[in-house]
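> Okay, here's the structure, questions in a sec.
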Amino acid sequence: VFPIKLAPIGLPKYRLSNGRTATRQSQYISTKQLDSDFFEADWEREEAQTAQHSILLELIQGKGLEARFTKAGTRQTEPLILTSDGFVANGNRRLCAMRKCYYNDRIAYEHYSHVKVVQLPTATERDIVRLEAELQIEEDIKDDYTWLDIRYIVRKAINEDGYTPEEAGKLY
């Protein structure tokens with residue numbers, strides 16, 4: 001069990017190796033005619049983080065996520081899960097929704113000025129992928145993956161993260 005802490009809403013960084021946004025990232029790169037490693041080269045680069053935020057803004061429409069966070073009286077219930085270096089391993093869309101609310105009206109959504117987070121100890125990419133897979137299977141406000149997203153995630157798990165095809169199949 002990890003302690004829940006409060007972090008300024010601008011502090012957590014979106015994790016750009018995100019299966020749910022992978023195909024949209026490819027589309028963004030193609031549309032904007034950017035280098036193919038735009039999202040992978042430097043996760044902290046402001047342009048990449050801003051682009052990821054715009055992609056996540058599209059996704060928060062699904063499952064009523066944006067409406068849920070803009071509803072009067074709604075508060076964050078689950079902490080975001082951060083990697084040891086401050087990237088969101090779970091909760092990118094929730095963070096995006098809270099940021100949208102807060103930056104649109106800092107008075108009405110002052111309660112989102114700081115967000116609940118849990119910071120993981122140092123972990124491998126393989127550990128983060130496993131955690132993400134386990135958490136995303138739970139039904140709640142999580143959005144469905146398209147078949148292209150699943151294909152990308154499985155291929156990445158096999159080709160880059162060291163999973164066997166059998167292991168990747170069990171994860172997803």
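If you're wondering about the labels, chains in the structure tokens are A, B, ... by order shown, residues count from 1 in each chain, ligands from 1 in order shown.
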If DSSP is run on the backbone, what residues of range 22-150 of chain A are strand (DSSP E or B)? A reply as a list in words would be ideal.
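Residues meeting the strand (DSSP E or B) criterion: Leu80, Ile81, Leu82, Phe87, Val88, Ala89, Asn90, His114, Val115, Lys116, Val117, Val118 and Gln119 of chain A.
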> Would you list, as a PyMOL selection string, the residues of range 74-166 of chain A that end up in alpha helix (DSSP H) under DSSP run on this structure's backbone?
chain A and resi 92-104+125-137+147-159+165-166
> Given only C-alpha atoms, how would the per-residue table for range 84-133 of chain A near range 155-162 of chain A read, listing every residue at most 9 Å away with its closest atom pair and distance in Å to one decimal, sorted by chain and number, as a tab-separated table?

```
residue	atom	partner	partner_atom	distance
A:Glu125	CA	A:Asp161	CA	6.9
A:Arg126	CA	A:Asp161	CA	5.6
A:Val129	CA	A:Ala157	CA	7.8
```
> Can you pull out the residues contacting range 49-60 of chain A? Cut-off 10 Å, using only C-alpha atoms, and skip same-chain residues under 3 positions away; I want them as number ranges by chain.
A: 13-16, 18, 20-22, 24-25, 28-29, 38-39, 42-46, 63-69, 92-97, 99-100, 141-143
> Limited to N, CA, C and O atoms, could you put the picked residues into a file as a short mmCIF file (atom, residue, chain, number, x, y, z; two decimals), in the first residue's frame?

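Below you can see out-v4.cif, which holds the result:
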```cif
data_model
loop_
_atom_site.label_atom_id
_atom_site.label_comp_id
_atom_site.auth_asym_id
_atom_site.auth_seq_id
_atom_site.Cartn_x
_atom_site.Cartn_y
_atom_site.Cartn_z
N LYS A 13 2.86 14.29 -15.38
CA LYS A 13 3.04 14.34 -16.84
C LYS A 13 2.31 13.15 -17.45
O LYS A 13 2.27 12.07 -16.88
N TYR A 14 1.71 13.39 -18.61
CA TYR A 14 1.05 12.30 -19.31
C TYR A 14 2.08 11.27 -19.74
O TYR A 14 3.16 11.61 -20.22
N ARG A 15 1.73 10.02 -19.58
CA ARG A 15 2.59 8.93 -20.06
C ARG A 15 2.29 8.76 -21.54
O ARG A 15 1.17 8.42 -21.93
N LEU A 16 3.26 9.02 -22.38
CA LEU A 16 3.03 9.06 -23.83
C LEU A 16 3.02 7.68 -24.46
O LEU A 16 2.51 7.51 -25.57
N ASN A 18 1.10 5.17 -24.36
CA ASN A 18 -0.25 4.91 -23.87
C ASN A 18 -1.02 4.15 -24.95
O ASN A 18 -1.25 4.68 -26.03
N ARG A 20 -4.10 3.33 -25.31
CA ARG A 20 -5.39 3.87 -25.72
C ARG A 20 -5.23 5.02 -26.72
O ARG A 20 -6.12 5.30 -27.50
N THR A 21 -4.10 5.71 -26.68
CA THR A 21 -3.93 6.86 -27.57
C THR A 21 -2.97 6.59 -28.73
O THR A 21 -2.73 7.47 -29.55
N ALA A 22 -2.43 5.39 -28.82
CA ALA A 22 -1.39 5.08 -29.81
C ALA A 22 -1.83 5.36 -31.25
O ALA A 22 -1.08 5.97 -32.02
N ARG A 24 -4.23 7.29 -32.26
CA ARG A 24 -4.48 8.73 -32.42
C ARG A 24 -3.16 9.49 -32.50
O ARG A 24 -3.06 10.50 -33.19
N GLN A 25 -2.16 9.02 -31.79
CA GLN A 25 -0.83 9.64 -31.88
C GLN A 25 -0.29 9.48 -33.30
O GLN A 25 0.25 10.44 -33.87
N TYR A 28 -2.05 11.88 -35.49
CA TYR A 28 -1.57 13.24 -35.21
C TYR A 28 -0.24 13.49 -35.93
O TYR A 28 -0.06 14.52 -36.57
N ILE A 29 0.67 12.53 -35.81
CA ILE A 29 1.98 12.65 -36.47
C ILE A 29 1.81 12.78 -37.97
O ILE A 29 2.43 13.63 -38.61
N PHE A 38 7.92 11.60 -32.61
CA PHE A 38 7.45 12.81 -31.92
C PHE A 38 7.02 12.53 -30.48
O PHE A 38 7.36 13.28 -29.57
N PHE A 39 6.26 11.46 -30.26
CA PHE A 39 5.77 11.15 -28.92
C PHE A 39 6.76 10.32 -28.10
O PHE A 39 6.62 10.23 -26.88
N ASP A 42 11.02 12.42 -26.43
CA ASP A 42 11.20 13.08 -25.15
C ASP A 42 9.82 13.28 -24.52
O ASP A 42 9.10 14.20 -24.89
N TRP A 43 9.49 12.43 -23.58
CA TRP A 43 8.15 12.48 -22.97
C TRP A 43 7.90 13.79 -22.23
O TRP A 43 6.77 14.16 -22.00
N GLU A 44 8.96 14.47 -21.83
CA GLU A 44 8.78 15.72 -21.07
C GLU A 44 8.65 16.94 -21.97
O GLU A 44 8.29 18.01 -21.48
N ARG A 45 8.92 16.79 -23.25
CA ARG A 45 8.85 17.92 -24.17
C ARG A 45 7.44 18.52 -24.17
O ARG A 45 6.45 17.82 -24.30
N GLU A 46 7.35 19.82 -23.98
CA GLU A 46 6.07 20.50 -23.86
C GLU A 46 5.17 20.27 -25.07
O GLU A 46 3.96 20.06 -24.92
N LYS A 63 -17.78 7.55 -22.41
CA LYS A 63 -18.24 7.04 -21.11
C LYS A 63 -18.65 8.15 -20.15
O LYS A 63 -18.70 7.96 -18.94
N GLY A 64 -18.91 9.35 -20.66
CA GLY A 64 -19.37 10.45 -19.81
C GLY A 64 -18.33 10.96 -18.84
O GLY A 64 -18.66 11.56 -17.81
N LEU A 65 -17.06 10.77 -19.14
CA LEU A 65 -16.00 11.15 -18.22
C LEU A 65 -15.96 12.65 -17.98
O LEU A 65 -15.89 13.10 -16.84
N GLU A 66 -16.01 13.43 -19.06
CA GLU A 66 -15.97 14.89 -18.88
C GLU A 66 -17.19 15.35 -18.07
O GLU A 66 -17.06 16.14 -17.14
N ALA A 67 -18.36 14.85 -18.42
CA ALA A 67 -19.58 15.24 -17.71
C ALA A 67 -19.49 14.88 -16.23
O ALA A 67 -19.96 15.62 -15.37
N ARG A 68 -18.87 13.76 -15.95
CA ARG A 68 -18.74 13.32 -14.55
C ARG A 68 -17.92 14.30 -13.73
O ARG A 68 -18.27 14.63 -12.60
N PHE A 69 -16.82 14.79 -14.28
CA PHE A 69 -15.95 15.69 -13.53
C PHE A 69 -16.46 17.12 -13.49
O PHE A 69 -16.09 17.88 -12.59
N ASN A 92 -4.61 8.97 -17.04
CA ASN A 92 -4.36 10.06 -17.98
C ASN A 92 -5.65 10.80 -18.36
O ASN A 92 -5.68 12.03 -18.38
N ARG A 93 -6.72 10.07 -18.67
CA ARG A 93 -7.97 10.73 -19.08
C ARG A 93 -8.60 11.47 -17.91
O ARG A 93 -9.14 12.57 -18.07
N ARG A 94 -8.54 10.90 -16.71
CA ARG A 94 -9.09 11.60 -15.54
C ARG A 94 -8.32 12.89 -15.28
O ARG A 94 -8.92 13.94 -14.99
N LEU A 95 -6.98 12.83 -15.40
CA LEU A 95 -6.17 14.02 -15.22
C LEU A 95 -6.55 15.08 -16.26
O LEU A 95 -6.71 16.25 -15.93
N CYS A 96 -6.73 14.66 -17.49
CA CYS A 96 -7.12 15.58 -18.55
C CYS A 96 -8.45 16.25 -18.23
O CYS A 96 -8.60 17.47 -18.38
N ALA A 97 -9.42 15.48 -17.76
CA ALA A 97 -10.75 16.02 -17.43
C ALA A 97 -10.65 17.04 -16.28
O ALA A 97 -11.26 18.12 -16.34
N ARG A 99 -7.97 18.74 -15.42
CA ARG A 99 -7.26 19.92 -15.92
C ARG A 99 -8.18 20.81 -16.74
O ARG A 99 -8.15 22.03 -16.61
N LYS A 100 -9.00 20.20 -17.59
CA LYS A 100 -9.91 21.00 -18.40
C LYS A 100 -10.84 21.81 -17.50
O LYS A 100 -11.03 23.01 -17.71
N ILE A 141 -15.24 3.80 -15.51
CA ILE A 141 -15.32 4.86 -16.49
C ILE A 141 -14.28 4.68 -17.59
O ILE A 141 -14.10 5.55 -18.43
N LYS A 142 -13.63 3.55 -17.59
CA LYS A 142 -12.59 3.30 -18.57
C LYS A 142 -13.22 3.04 -19.93
O LYS A 142 -14.25 2.40 -20.04
N ASP A 143 -12.60 3.56 -20.95
CA ASP A 143 -13.13 3.47 -22.31
C ASP A 143 -12.62 2.20 -22.98
O ASP A 143 -11.58 1.65 -22.61
#
```
> Can you pull out every residue within 8 Å of range 77-83 of chain A, counting only C-alpha atoms, but drop anything in the same chain fewer than 4 positions away, and send it as a ChimeraX atom specification?
/A:4,12,87-92,95,115-123,128
> Determine the nearest neighbour of Ser26 in chain A from the options A:Tyr103, A:Phe2, A:Tyr152, A:Tyr109, counting only C-alpha atoms.
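That would be A:Tyr152, the residue with the smallest distance to Ser26 in chain A.
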> Quick one: residues within 12 Å of Glu110 in chain A, only C-alpha atoms counted, chain neighbours fewer than 4 positions away excluded, as a list in words?
Pro8, Ile9, Thr70, Ala72, Gly73, Thr74, Arg75, Met98, Arg99, Lys100, Cys101, Tyr102, Tyr103, Asn104, Asp105, Arg106, His114 and Val115 of chain A
> How many Å separate CA of Tyr145 in chain A from CA of Thr23 in chain A?
10.4 Å
> Please indicate the distance in Å from CA of Leu171 in chain A to CA of Val154 in chain A, rounded to one decimal place.
8.6 Å
